[in-house]
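Enquirer: I'm passing along target28.cif; it holds mmCIF, C-alpha atoms.
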data_protein
#
loop_
_atom_site.label_atom_id
_atom_site.label_comp_id
_atom_site.auth_asym_id
_atom_site.auth_seq_id
_atom_site.Cartn_x
_atom_site.Cartn_y
_atom_site.Cartn_z
CA MET A 1131 10.66 13.70 8.95
CA GLU A 1132 13.53 11.37 9.85
CA LYS A 1133 14.47 13.58 12.78
CA PRO A 1134 11.10 13.33 14.61
CA THR A 1135 11.00 9.55 14.16
CA ARG A 1136 14.60 9.30 15.42
CA ARG A 1137 13.71 11.42 18.46
CA LEU A 1138 10.63 9.27 19.18
CA ALA A 1139 12.69 6.07 18.85
CA GLU A 1140 15.32 7.50 21.21
CA ALA A 1141 12.64 8.42 23.77
CA VAL A 1142 11.10 4.94 23.59
CA GLY A 1143 14.53 3.29 23.64
CA ARG A 1144 15.77 5.29 26.65
CA SER A 1145 12.67 4.38 28.67
CA ARG A 1146 13.22 0.69 27.88
CA GLY A 1147 17.01 0.60 28.20
CA SER A 1148 17.50 -0.31 24.52
CA THR A 1149 20.90 -0.43 22.81
CA ALA A 1150 21.91 2.05 20.07
CA GLU A 1151 21.27 -0.61 17.39
CA GLN A 1152 17.78 -1.39 18.79
CA ILE A 1153 17.01 2.35 18.70
CA ALA A 1154 18.26 2.53 15.08
CA VAL A 1155 15.94 -0.38 14.16
CA MET A 1156 12.97 1.30 15.88
CA ALA A 1157 13.73 4.62 14.13
CA TYR A 1158 13.89 2.76 10.80
CA GLY A 1159 10.52 1.09 11.45
CA LEU A 1160 8.86 4.28 12.67
CA GLY A 1161 10.20 6.14 9.61
CA ALA A 1162 8.71 3.54 7.26
CA LEU A 1163 5.39 3.61 9.10
CA GLY A 1164 5.33 7.42 9.15
CA GLN A 1165 6.08 7.69 5.42
CA MET A 1166 3.38 5.17 4.60
CA LEU A 1167 0.74 6.89 6.76
CA LEU A 1168 1.67 10.37 5.49
CA ILE A 1169 1.50 9.43 1.79
CA GLY A 1170 -1.69 7.41 2.41
CA ALA A 1171 -3.40 10.32 4.18
CA LEU A 1172 -2.34 12.85 1.51
CA VAL A 1173 -3.52 10.79 -1.47
CA LEU A 1174 -6.76 9.86 0.31
CA ALA A 1175 -7.47 13.55 0.97
CA ILE A 1176 -6.73 14.49 -2.68
CA GLY A 1177 -8.78 11.52 -3.92
CA LEU A 1178 -11.76 12.48 -1.74
CA CYS A 1179 -11.59 16.09 -2.97
CA PHE A 1180 -11.57 15.10 -6.66
CA GLY A 1181 -13.75 11.96 -6.54
CA PHE A 1182 -11.20 9.19 -7.20
CA ALA A 1183 -10.39 8.08 -3.63
CA ALA A 1184 -10.95 4.37 -4.37
CA GLU A 1185 -8.56 4.43 -7.35
CA SER A 1186 -6.01 6.37 -5.22
CA MET A 1187 -6.10 3.69 -2.52
CA VAL A 1188 -5.75 0.92 -5.11
CA VAL A 1189 -2.66 2.61 -6.64
CA PHE A 1190 -1.18 3.40 -3.19
CA TRP A 1191 -1.39 -0.22 -1.99
CA ALA A 1192 -0.75 -1.92 -5.35
CA VAL A 1193 2.50 -0.01 -6.04
CA GLY A 1194 3.66 -0.34 -2.41
CA ILE A 1195 3.12 -4.11 -2.33
CA LEU A 1196 4.66 -4.72 -5.77
CA ARG A 1197 7.57 -2.40 -4.98
CA SER A 1198 8.39 -4.34 -1.80
CA ALA A 1199 9.25 -7.28 -4.09
CA THR A 1200 10.76 -5.50 -7.12
CA GLY A 1201 12.58 -2.52 -5.55
CA GLY A 1202 13.30 0.22 -8.09
CA ALA A 1203 14.58 3.76 -8.57
CA HIS A 1204 14.84 5.81 -5.37
CA SER A 1205 14.78 9.47 -4.53
CA GLN A 1206 17.60 11.00 -2.46
CA SER A 1207 15.31 12.71 0.00
CA TYR A 1208 12.20 12.10 2.07
CA VAL A 1209 10.40 15.26 0.94
CA CYS A 1210 11.10 14.66 -2.74
CA CYS A 1211 9.74 11.12 -2.31
CA LEU A 1212 6.64 12.52 -0.67
CA VAL A 1213 6.05 14.95 -3.56
CA ILE A 1214 6.77 12.37 -6.31
CA SER A 1215 4.64 9.68 -4.63
CA THR A 1216 1.66 11.92 -3.96
CA ALA A 1217 1.74 13.42 -7.47
CA ALA A 1218 2.21 10.03 -9.16
CA ILE A 1219 -0.56 8.30 -7.19
CA SER A 1220 -3.01 11.14 -7.80
CA LEU A 1221 -2.20 11.34 -11.53
CA LEU A 1222 -2.42 7.57 -12.02
CA ALA A 1223 -5.66 7.38 -10.01
CA SER A 1224 -7.28 10.21 -11.98
CA ALA A 1225 -6.18 8.57 -15.27
CA ALA A 1226 -7.62 5.23 -14.09
CA PHE A 1227 -10.90 6.88 -13.10
CA TRP A 1228 -11.15 8.70 -16.43
CA LEU A 1229 -10.22 5.65 -18.56
CA GLY A 1230 -12.55 3.37 -16.58
CA THR A 1231 -15.42 5.80 -17.04
CA ALA A 1232 -14.88 6.95 -20.65
CA ALA A 1233 -13.10 4.09 -22.42
CA ASN A 1234 -14.31 0.83 -20.85
CA GLY A 1235 -14.58 -1.80 -23.57
CA PRO A 1236 -12.72 -4.57 -25.42
CA LEU A 1237 -10.04 -2.16 -26.68
CA LEU A 1238 -9.17 -1.06 -23.11
CA TRP A 1239 -9.18 -4.67 -21.90
CA ALA A 1240 -6.79 -5.71 -24.69
CA ALA A 1241 -4.49 -2.74 -24.01
CA CYS A 1242 -4.40 -3.65 -20.30
CA ALA A 1243 -3.62 -7.31 -21.07
CA LEU A 1244 -0.77 -6.22 -23.36
CA ALA A 1245 0.55 -3.80 -20.71
CA MET A 1246 0.57 -6.57 -18.08
CA ALA A 1247 2.49 -8.86 -20.45
CA VAL A 1248 5.12 -6.14 -20.99
CA CYS A 1249 5.33 -5.60 -17.20
CA ALA A 1250 5.88 -9.34 -16.66
CA ALA A 1251 8.70 -9.41 -19.24
CA VAL A 1252 10.48 -6.37 -17.73
CA ILE A 1253 10.10 -7.67 -14.16
CA TRP A 1254 11.48 -11.04 -15.27
CA ARG A 1255 14.58 -9.33 -16.70
CA ARG A 1256 15.26 -6.66 -14.07
CA ALA A 1257 13.70 -7.37 -10.64
CA PRO A 1258 14.77 -6.90 -7.95
CA VAL A 1259 16.53 -3.52 -8.35
CA ASP A 1260 18.37 -2.54 -5.16
CA THR A 1261 19.85 0.71 -3.84
CA PRO A 1262 23.19 1.51 -2.11
CA ASN A 1263 21.25 2.20 1.10
CA LYS A 1264 19.75 -1.31 1.00
CA PRO A 1265 21.86 -3.66 -1.11
CA ILE A 1266 20.42 -7.08 -2.00
CA ARG A 1267 23.26 -9.57 -2.44
CA ARG A 1268 22.13 -13.07 -1.44
CA PRO A 1269 21.03 -15.12 -4.48
CA GLN A 1270 18.31 -16.80 -2.37
CA LYS A 1271 16.81 -13.42 -1.49
CA ILE A 1272 16.97 -12.26 -5.13
CA ALA A 1273 15.16 -15.45 -6.24
CA ARG A 1274 12.57 -15.12 -3.45
CA LEU A 1275 11.84 -11.46 -4.29
CA ARG A 1276 11.55 -12.21 -8.02
CA ARG A 1277 9.12 -15.04 -7.26
CA ARG A 1278 7.12 -12.75 -4.97
CA ALA A 1279 7.01 -10.06 -7.69
CA PHE A 1280 5.58 -12.57 -10.17
CA VAL A 1281 2.97 -13.87 -7.72
CA THR A 1282 1.93 -10.28 -6.96
CA LEU A 1283 1.74 -9.36 -10.65
CA GLY A 1284 -0.30 -12.53 -11.32
CA ALA A 1285 -2.70 -11.61 -8.51
CA TYR A 1286 -3.10 -8.10 -10.00
CA ALA A 1287 -3.79 -9.58 -13.45
CA ALA A 1288 -6.42 -11.96 -12.02
CA ALA A 1289 -8.04 -9.21 -9.91
CA GLY A 1290 -8.01 -6.85 -12.92
CA ALA A 1291 -9.67 -9.44 -15.17
CA LEU A 1292 -12.34 -10.08 -12.52
CA LEU A 1293 -12.97 -6.35 -12.07
CA PHE A 1294 -13.29 -5.84 -15.85
CA PHE A 1295 -15.78 -8.71 -15.94
CA LEU A 1296 -17.74 -7.19 -13.04
CA SER A 1297 -17.65 -3.76 -14.72
CA ILE A 1298 -20.24 -5.02 -17.24
CA ARG A 1299 -22.80 -4.53 -14.45
CA TRP A 1300 -20.78 -2.58 -11.85
CA HIS A 1301 -19.20 0.46 -13.54
CA PRO A 1302 -16.57 1.44 -10.89
CA GLY A 1303 -14.90 -1.94 -11.48
CA ALA A 1304 -13.24 -0.74 -14.70
CA GLY A 1305 -11.54 2.21 -12.98
CA LEU A 1306 -10.21 -0.05 -10.23
CA ALA A 1307 -8.94 -2.59 -12.79
CA VAL A 1308 -7.15 0.16 -14.75
CA ALA A 1309 -5.69 1.46 -11.46
CA LEU A 1310 -4.14 -1.99 -10.88
CA VAL A 1311 -2.68 -2.07 -14.40
CA LEU A 1312 -1.32 1.51 -14.17
CA SER A 1313 0.26 0.64 -10.79
CA ALA A 1314 2.06 -2.32 -12.36
CA MET A 1315 3.17 -0.11 -15.27
CA TRP A 1316 4.48 2.65 -12.95
CA GLN A 1317 6.41 0.15 -10.86
CA THR A 1318 7.80 -1.50 -14.00
CA LEU A 1319 8.96 1.91 -15.25
CA MET A 1320 10.81 2.38 -11.94
CA LEU A 1321 12.89 -0.72 -12.76
CA THR A 1322 14.19 0.80 -16.00
CA ARG A 1323 16.94 3.33 -16.72
CA GLY A 1324 14.25 5.78 -17.90
CA GLY A 1325 12.50 5.59 -14.52
CA ALA A 1326 15.77 6.10 -12.64
CA ALA A 1327 16.56 9.12 -14.84
CA ALA A 1328 13.11 10.59 -14.14
CA ILE A 1329 13.61 10.25 -10.37
CA ARG A 1330 17.12 11.79 -10.62
CA GLY A 1331 15.60 14.67 -12.61
CA ALA A 1332 12.95 15.20 -9.93
CA ASP A 1333 15.68 15.16 -7.25
CA ARG A 1334 17.68 17.80 -9.13
CA PHE A 1335 14.55 19.94 -9.54
CA ALA A 1336 13.77 19.58 -5.82
CA ALA A 1337 17.35 20.54 -4.90
CA LYS A 1338 17.15 23.62 -7.13
CA ALA A 1339 13.80 24.55 -5.64
CA LYS A 1340 15.38 24.02 -2.19
CA LEU A 1341 12.56 21.65 -1.29
CA THR A 1342 14.96 19.57 0.74
CA LEU A 1343 18.52 18.85 1.74
CA LYS A 1344 20.18 15.46 1.20
CA GLY A 1345 19.44 13.02 3.98
CA GLY A 1346 15.80 13.85 4.45
CA GLU A 1347 16.24 17.19 6.24
CA THR A 1348 13.61 19.71 5.27
CA MET B 141 -0.11 2.60 31.14
CA LYS B 142 2.68 4.75 29.67
CA ASN B 143 5.09 1.79 29.85
CA LYS B 144 2.61 -0.42 28.00
CA MET B 145 2.20 2.22 25.28
CA LEU B 146 5.96 2.60 24.88
CA ALA B 147 6.31 -1.19 24.69
CA ALA B 148 3.60 -1.30 22.00
CA VAL B 149 5.35 1.47 19.99
CA ALA B 150 8.70 -0.35 20.29
CA ALA B 151 7.15 -3.66 19.20
CA LEU B 152 5.29 -2.09 16.26
CA ALA B 153 8.36 -0.16 15.08
CA THR B 154 10.54 -3.28 15.28
CA LEU B 155 7.93 -5.34 13.42
CA VAL B 156 7.68 -2.78 10.59
CA ALA B 157 11.50 -2.57 10.42
CA ALA B 158 11.70 -6.37 10.13
CA LEU B 159 9.05 -6.39 7.40
CA ALA B 160 10.93 -3.65 5.51
CA ALA B 161 14.17 -5.61 5.89
CA THR B 162 12.74 -8.70 4.19
CA SER B 163 11.53 -6.57 1.26
CA ALA B 164 13.42 -4.96 -1.61
CA CYS B 165 12.24 -1.50 -0.71
CA TRP B 166 10.83 0.52 2.21
CA TRP B 167 7.70 2.07 0.69
CA TRP B 168 7.48 4.16 -2.48
CA VAL B 169 10.59 6.02 -3.65
CA TYR B 170 12.69 6.85 -0.58
CA GLN B 171 15.04 4.41 1.10
CA PRO B 172 17.09 5.52 4.12
CA GLU B 173 20.23 3.62 5.14
CA GLU B 174 19.31 0.29 6.67
CA PRO B 175 20.52 -0.43 10.25
CA THR B 176 23.50 -2.84 10.31
CA SER B 177 21.60 -5.62 12.09
CA LEU B 178 18.96 -5.70 9.33
CA GLN B 179 21.37 -5.67 6.39
CA ASP B 180 21.44 -8.52 3.89
CA LYS B 181 24.93 -10.00 4.51
#
Rewrite the structure from the file as structure tokens, please.
Expert:
Amino acid sequence: MEKPTRRLAEAVGRSRGSTAEQIAVMAYGLGALGQMLLIGALVLAIGLCFGFAAESMVVFWAVGILRSATGGAHSQSYVCCLVISTAAISLLASAAFWLGTAANGPLLWAACALAMAVCAAVIWRRAPVDTPNKPIRRPQKIARLRRRAFVTLGAYAAAGALLFFLSIRWHPGAGLAVALVLSAMWQTLMLTRGGAAAIRGADRFAAKAKLTLKGGET
Amino acid sequence: MKNKMLAAVAALATLVAALAATSACWWWVYQPEEPTSLQDK
């Protein structure tokens, strides 16, 4: 997937007389956009097929937005990322749909509040988690990202509480609220050593299954 | 028309790259190497 975006960036850059660095920036942006659209389309299609499209979209956006502030464990390849992301979003969305439908009540609300408190504590200790491909060194940026992560998590907690309240009369609200909480939990897991080990395990499995070569080549 | 479209693609790609550069992560679990001009130095 990186190759087509690189080729497109080179074609655009050549026509506009861009420098090699400008082309690299365009390829980077097109790659990010392509990955986002591809994962979004896949999880929307799966969600529509199985009846949890709204929860899928909530998880897709909620993890993406929170992750942009917290960072976290990364896969070594584009294809492995695509598989992990699509599977994780679909599983979390189906769990949210099921829990919101079958278990909505004070016990679920209390469990979600507790989960959000644990997420806040872990994010406070560990965020942001960087990667060798995108190191975060400046203390100002680290402080800004941590602040952004907390504001995002606070917004999710407020939106979740409102959705649980609305679910008394509007049943889909509970599933959407649980989707927000599960998104925060998934992203918090990605900040821990356990999450990093799980992603490394998935990478090793993908390499064995010859799903991909290092560097995003398929 | 083609020039305008290419200019729009270039502007959009650069905007997304800049947004990704100010974040901790690209999107979900894959992060390619960041171009030198966007790196946090």
Enquirer: Got a sec to resolve the PyMOL selection byres ((chain B) within 7 of (chain A)) on this structure and send the residues as a ChimeraX atom specification?
Expert: /B:146,150,153-154,156-157,163-175,180
Enquirer: Can you translate the PyMOL selection byres ((chain A and resi 1284) around 12) into the concrete residues it hits in this file, as number ranges by chain?
Expert: A: 1196, 1243, 1246-1247, 1249-1250, 1253, 1277-1283, 1285-1291, 1310-1311, 1314
Enquirer: Please produce a file of those selected residues containing C-alpha atoms, as a PDB file, in the coordinates of the input.
Expert:
ATOM      1  CA  LEU A1196       4.660  -4.720  -5.770  1.00  0.00           C
ATOM      2  CA  ALA A1243      -3.620  -7.310 -21.070  1.00  0.00           C
ATOM      3  CA  MET A1246       0.570  -6.570 -18.080  1.00  0.00           C
ATOM      4  CA  ALA A1247       2.490  -8.860 -20.450  1.00  0.00           C
ATOM      5  CA  CYS A1249       5.330  -5.600 -17.200  1.00  0.00           C
ATOM      6  CA  ALA A1250       5.880  -9.340 -16.660  1.00  0.00           C
ATOM      7  CA  ILE A1253      10.100  -7.670 -14.160  1.00  0.00           C
ATOM      8  CA  ARG A1277       9.120 -15.040  -7.260  1.00  0.00           C
ATOM      9  CA  ARG A1278       7.120 -12.750  -4.970  1.00  0.00           C
ATOM     10  CA  ALA A1279       7.010 -10.060  -7.690  1.00  0.00           C
ATOM     11  CA  PHE A1280       5.580 -12.570 -10.170  1.00  0.00           C
ATOM     12  CA  VAL A1281       2.970 -13.870  -7.720  1.00  0.00           C
ATOM     13  CA  THR A1282       1.930 -10.280  -6.960  1.00  0.00           C
ATOM     14  CA  LEU A1283       1.740  -9.360 -10.650  1.00  0.00           C
ATOM     15  CA  ALA A1285      -2.700 -11.610  -8.510  1.00  0.00           C
ATOM     16  CA  TYR A1286      -3.100  -8.100 -10.000  1.00  0.00           C
ATOM     17  CA  ALA A1287      -3.790  -9.580 -13.450  1.00  0.00           C
ATOM     18  CA  ALA A1288      -6.420 -11.960 -12.020  1.00  0.00           C
ATOM     19  CA  ALA A1289      -8.040  -9.210  -9.910  1.00  0.00           C
ATOM     20  CA  GLY A1290      -8.010  -6.850 -12.920  1.00  0.00           C
ATOM     21  CA  ALA A1291      -9.670  -9.440 -15.170  1.00  0.00           C
ATOM     22  CA  LEU A1310      -4.140  -1.990 -10.880  1.00  0.00           C
ATOM     23  CA  VAL A1311      -2.680  -2.070 -14.400  1.00  0.00           C
ATOM     24  CA  ALA A1314       2.060  -2.320 -12.360  1.00  0.00           C
TER      25      ALA A1314
END
Enquirer: Give me, please, the distance in Å between atom CA of A:Lys1133 and atom CA of B:Gln179, quoted to one decimal.
Expert: 21.4 Å
Enquirer: Have a look at A:Trp1300, A:Phe1182, A:Phe1335, A:Phe1294 and name the one nearest to A:Ala1226; count all atoms listed in the file.
Expert: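 That would be A:Phe1182, the residue with the smallest distance to A:Ala1226.
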Enquirer: Need the shell around A:Val1173: protein/DNA/RNA residues with any atom at most 12 Å away, counting only C-alpha atoms. Skip same-chain ones fewer than 6 positions apart. Format as a list in words?
Expert: Met1166, Leu1167, Cys1179, Phe1180, Gly1181, Phe1182, Ala1183, Ala1184, Glu1185, Ser1186, Met1187, Val1188, Val1189, Phe1190, Trp1191, Leu1212, Val1213, Ile1214, Ser1215, Thr1216, Ala1217, Ala1218, Ile1219, Ser1220, Leu1221, Leu1222, Ala1223 and Ser1224 of chain A
Enquirer: To one decimal place, how far is atom CA of B:Val149 from atom CA of A:Thr1149 in Å?
Expert: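 The value is 15.9 Å.
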Enquirer: Output the residue selection produced by the PyMOL selection byres ((chain A and resi 1228-1241) around 8) on the file above, formatted as a list in words.
Expert: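 Applied to this file, the PyMOL selection byres ((chain A and resi 1228-1241) around 8) returns Ser1224, Ala1225, Ala1226, Phe1227, Cys1242, Ala1243, Leu1244, Ala1245, Phe1294, His1301, Pro1302, Gly1303, Ala1304, Gly1305, Leu1306, Ala1307 and Val1308 of chain A.
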Enquirer: Expressed in Å to a single decimal, how great is the separation between atom CA of A:Ile1298 and atom CA of A:Ala1192?
Expert: 23.0 Å
Enquirer: For stretch 1185-1217 of chain A, which lacks atoms in the input, supply N, CA and C atoms and format the output as a tab-separated table (two decimals), in the coordinates of the input.
Expert:
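Produced file result.tsv, reproduced below:
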chain	number	residue	atom	x	y	z
A	1185	GLU	N	-9.67	4.69	-6.42
A	1185	GLU	CA	-8.56	4.43	-7.35
A	1185	GLU	C	-7.23	4.81	-6.68
A	1186	SER	N	-7.23	5.94	-5.91
A	1186	SER	CA	-6.01	6.37	-5.22
A	1186	SER	C	-5.53	5.30	-4.26
A	1187	MET	N	-6.47	4.72	-3.50
A	1187	MET	CA	-6.10	3.69	-2.52
A	1187	MET	C	-5.59	2.42	-3.21
A	1188	VAL	N	-6.21	2.10	-4.36
A	1188	VAL	CA	-5.75	0.92	-5.11
A	1188	VAL	C	-4.30	1.14	-5.58
A	1189	VAL	N	-4.02	2.33	-6.15
A	1189	VAL	CA	-2.66	2.61	-6.64
A	1189	VAL	C	-1.68	2.63	-5.47
A	1190	PHE	N	-2.06	3.29	-4.37
A	1190	PHE	CA	-1.18	3.40	-3.19
A	1190	PHE	C	-0.75	2.01	-2.71
A	1191	TRP	N	-1.71	1.12	-2.51
A	1191	TRP	CA	-1.39	-0.22	-1.99
A	1191	TRP	C	-0.74	-1.11	-3.07
A	1192	ALA	N	-1.26	-1.02	-4.30
A	1192	ALA	CA	-0.75	-1.92	-5.35
A	1192	ALA	C	0.72	-1.62	-5.65
A	1193	VAL	N	1.09	-0.33	-5.77
A	1193	VAL	CA	2.50	-0.01	-6.04
A	1193	VAL	C	3.36	-0.39	-4.83
A	1194	GLY	N	2.89	-0.05	-3.63
A	1194	GLY	CA	3.66	-0.34	-2.41
A	1194	GLY	C	3.96	-1.82	-2.28
A	1195	ILE	N	2.95	-2.65	-2.50
A	1195	ILE	CA	3.12	-4.11	-2.33
A	1195	ILE	C	4.04	-4.67	-3.42
A	1196	LEU	N	3.82	-4.22	-4.68
A	1196	LEU	CA	4.66	-4.72	-5.77
A	1196	LEU	C	6.10	-4.24	-5.60
A	1197	ARG	N	6.24	-2.98	-5.16
A	1197	ARG	CA	7.57	-2.40	-4.98
A	1197	ARG	C	8.37	-3.12	-3.89
A	1198	SER	N	7.66	-3.64	-2.88
A	1198	SER	CA	8.39	-4.34	-1.80
A	1198	SER	C	9.07	-5.59	-2.35
A	1199	ALA	N	8.62	-6.10	-3.50
A	1199	ALA	CA	9.25	-7.28	-4.09
A	1199	ALA	C	10.22	-6.91	-5.22
A	1200	THR	N	9.93	-5.82	-5.94
A	1200	THR	CA	10.76	-5.50	-7.12
A	1200	THR	C	11.84	-4.47	-6.82
A	1201	GLY	N	11.67	-3.65	-5.76
A	1201	GLY	CA	12.58	-2.52	-5.55
A	1201	GLY	C	12.37	-1.51	-6.66
A	1202	GLY	N	13.43	-0.74	-6.99
A	1202	GLY	CA	13.30	0.22	-8.09
A	1202	GLY	C	14.07	1.50	-7.81
A	1203	ALA	N	13.87	2.49	-8.71
A	1203	ALA	CA	14.58	3.76	-8.57
A	1203	ALA	C	14.16	4.46	-7.29
A	1204	HIS	N	15.12	5.13	-6.63
A	1204	HIS	CA	14.84	5.81	-5.37
A	1204	HIS	C	15.21	7.28	-5.42
A	1205	SER	N	14.47	8.06	-4.68
A	1205	SER	CA	14.78	9.47	-4.53
A	1205	SER	C	15.82	9.63	-3.42
A	1206	GLN	N	16.56	10.76	-3.47
A	1206	GLN	CA	17.60	11.00	-2.46
A	1206	GLN	C	17.03	11.59	-1.17
A	1207	SER	N	15.81	12.05	-1.20
A	1207	SER	CA	15.31	12.71	0.00
A	1207	SER	C	13.86	12.32	0.31
A	1208	TYR	N	13.53	12.46	1.57
A	1208	TYR	CA	12.20	12.10	2.07
A	1208	TYR	C	11.13	13.01	1.46
A	1209	VAL	N	11.42	14.32	1.42
A	1209	VAL	CA	10.40	15.26	0.94
A	1209	VAL	C	10.15	15.09	-0.55
A	1210	CYS	N	11.25	14.87	-1.29
A	1210	CYS	CA	11.10	14.66	-2.74
A	1210	CYS	C	10.27	13.40	-2.99
A	1211	CYS	N	10.51	12.37	-2.19
A	1211	CYS	CA	9.74	11.12	-2.31
A	1211	CYS	C	8.26	11.39	-2.06
A	1212	LEU	N	8.02	12.21	-1.03
A	1212	LEU	CA	6.64	12.52	-0.67
A	1212	LEU	C	5.92	13.22	-1.83
A	1213	VAL	N	6.63	14.19	-2.45
A	1213	VAL	CA	6.05	14.95	-3.56
A	1213	VAL	C	5.83	14.04	-4.77
A	1214	ILE	N	6.87	13.26	-5.14
A	1214	ILE	CA	6.77	12.37	-6.31
A	1214	ILE	C	5.65	11.36	-6.09
A	1215	SER	N	5.62	10.73	-4.91
A	1215	SER	CA	4.64	9.68	-4.63
A	1215	SER	C	3.22	10.23	-4.69
A	1216	THR	N	3.01	11.35	-4.01
A	1216	THR	CA	1.66	11.92	-3.96
A	1216	THR	C	1.20	12.33	-5.35
A	1217	ALA	N	2.10	12.98	-6.11
A	1217	ALA	CA	1.74	13.42	-7.47
A	1217	ALA	C	1.47	12.21	-8.36
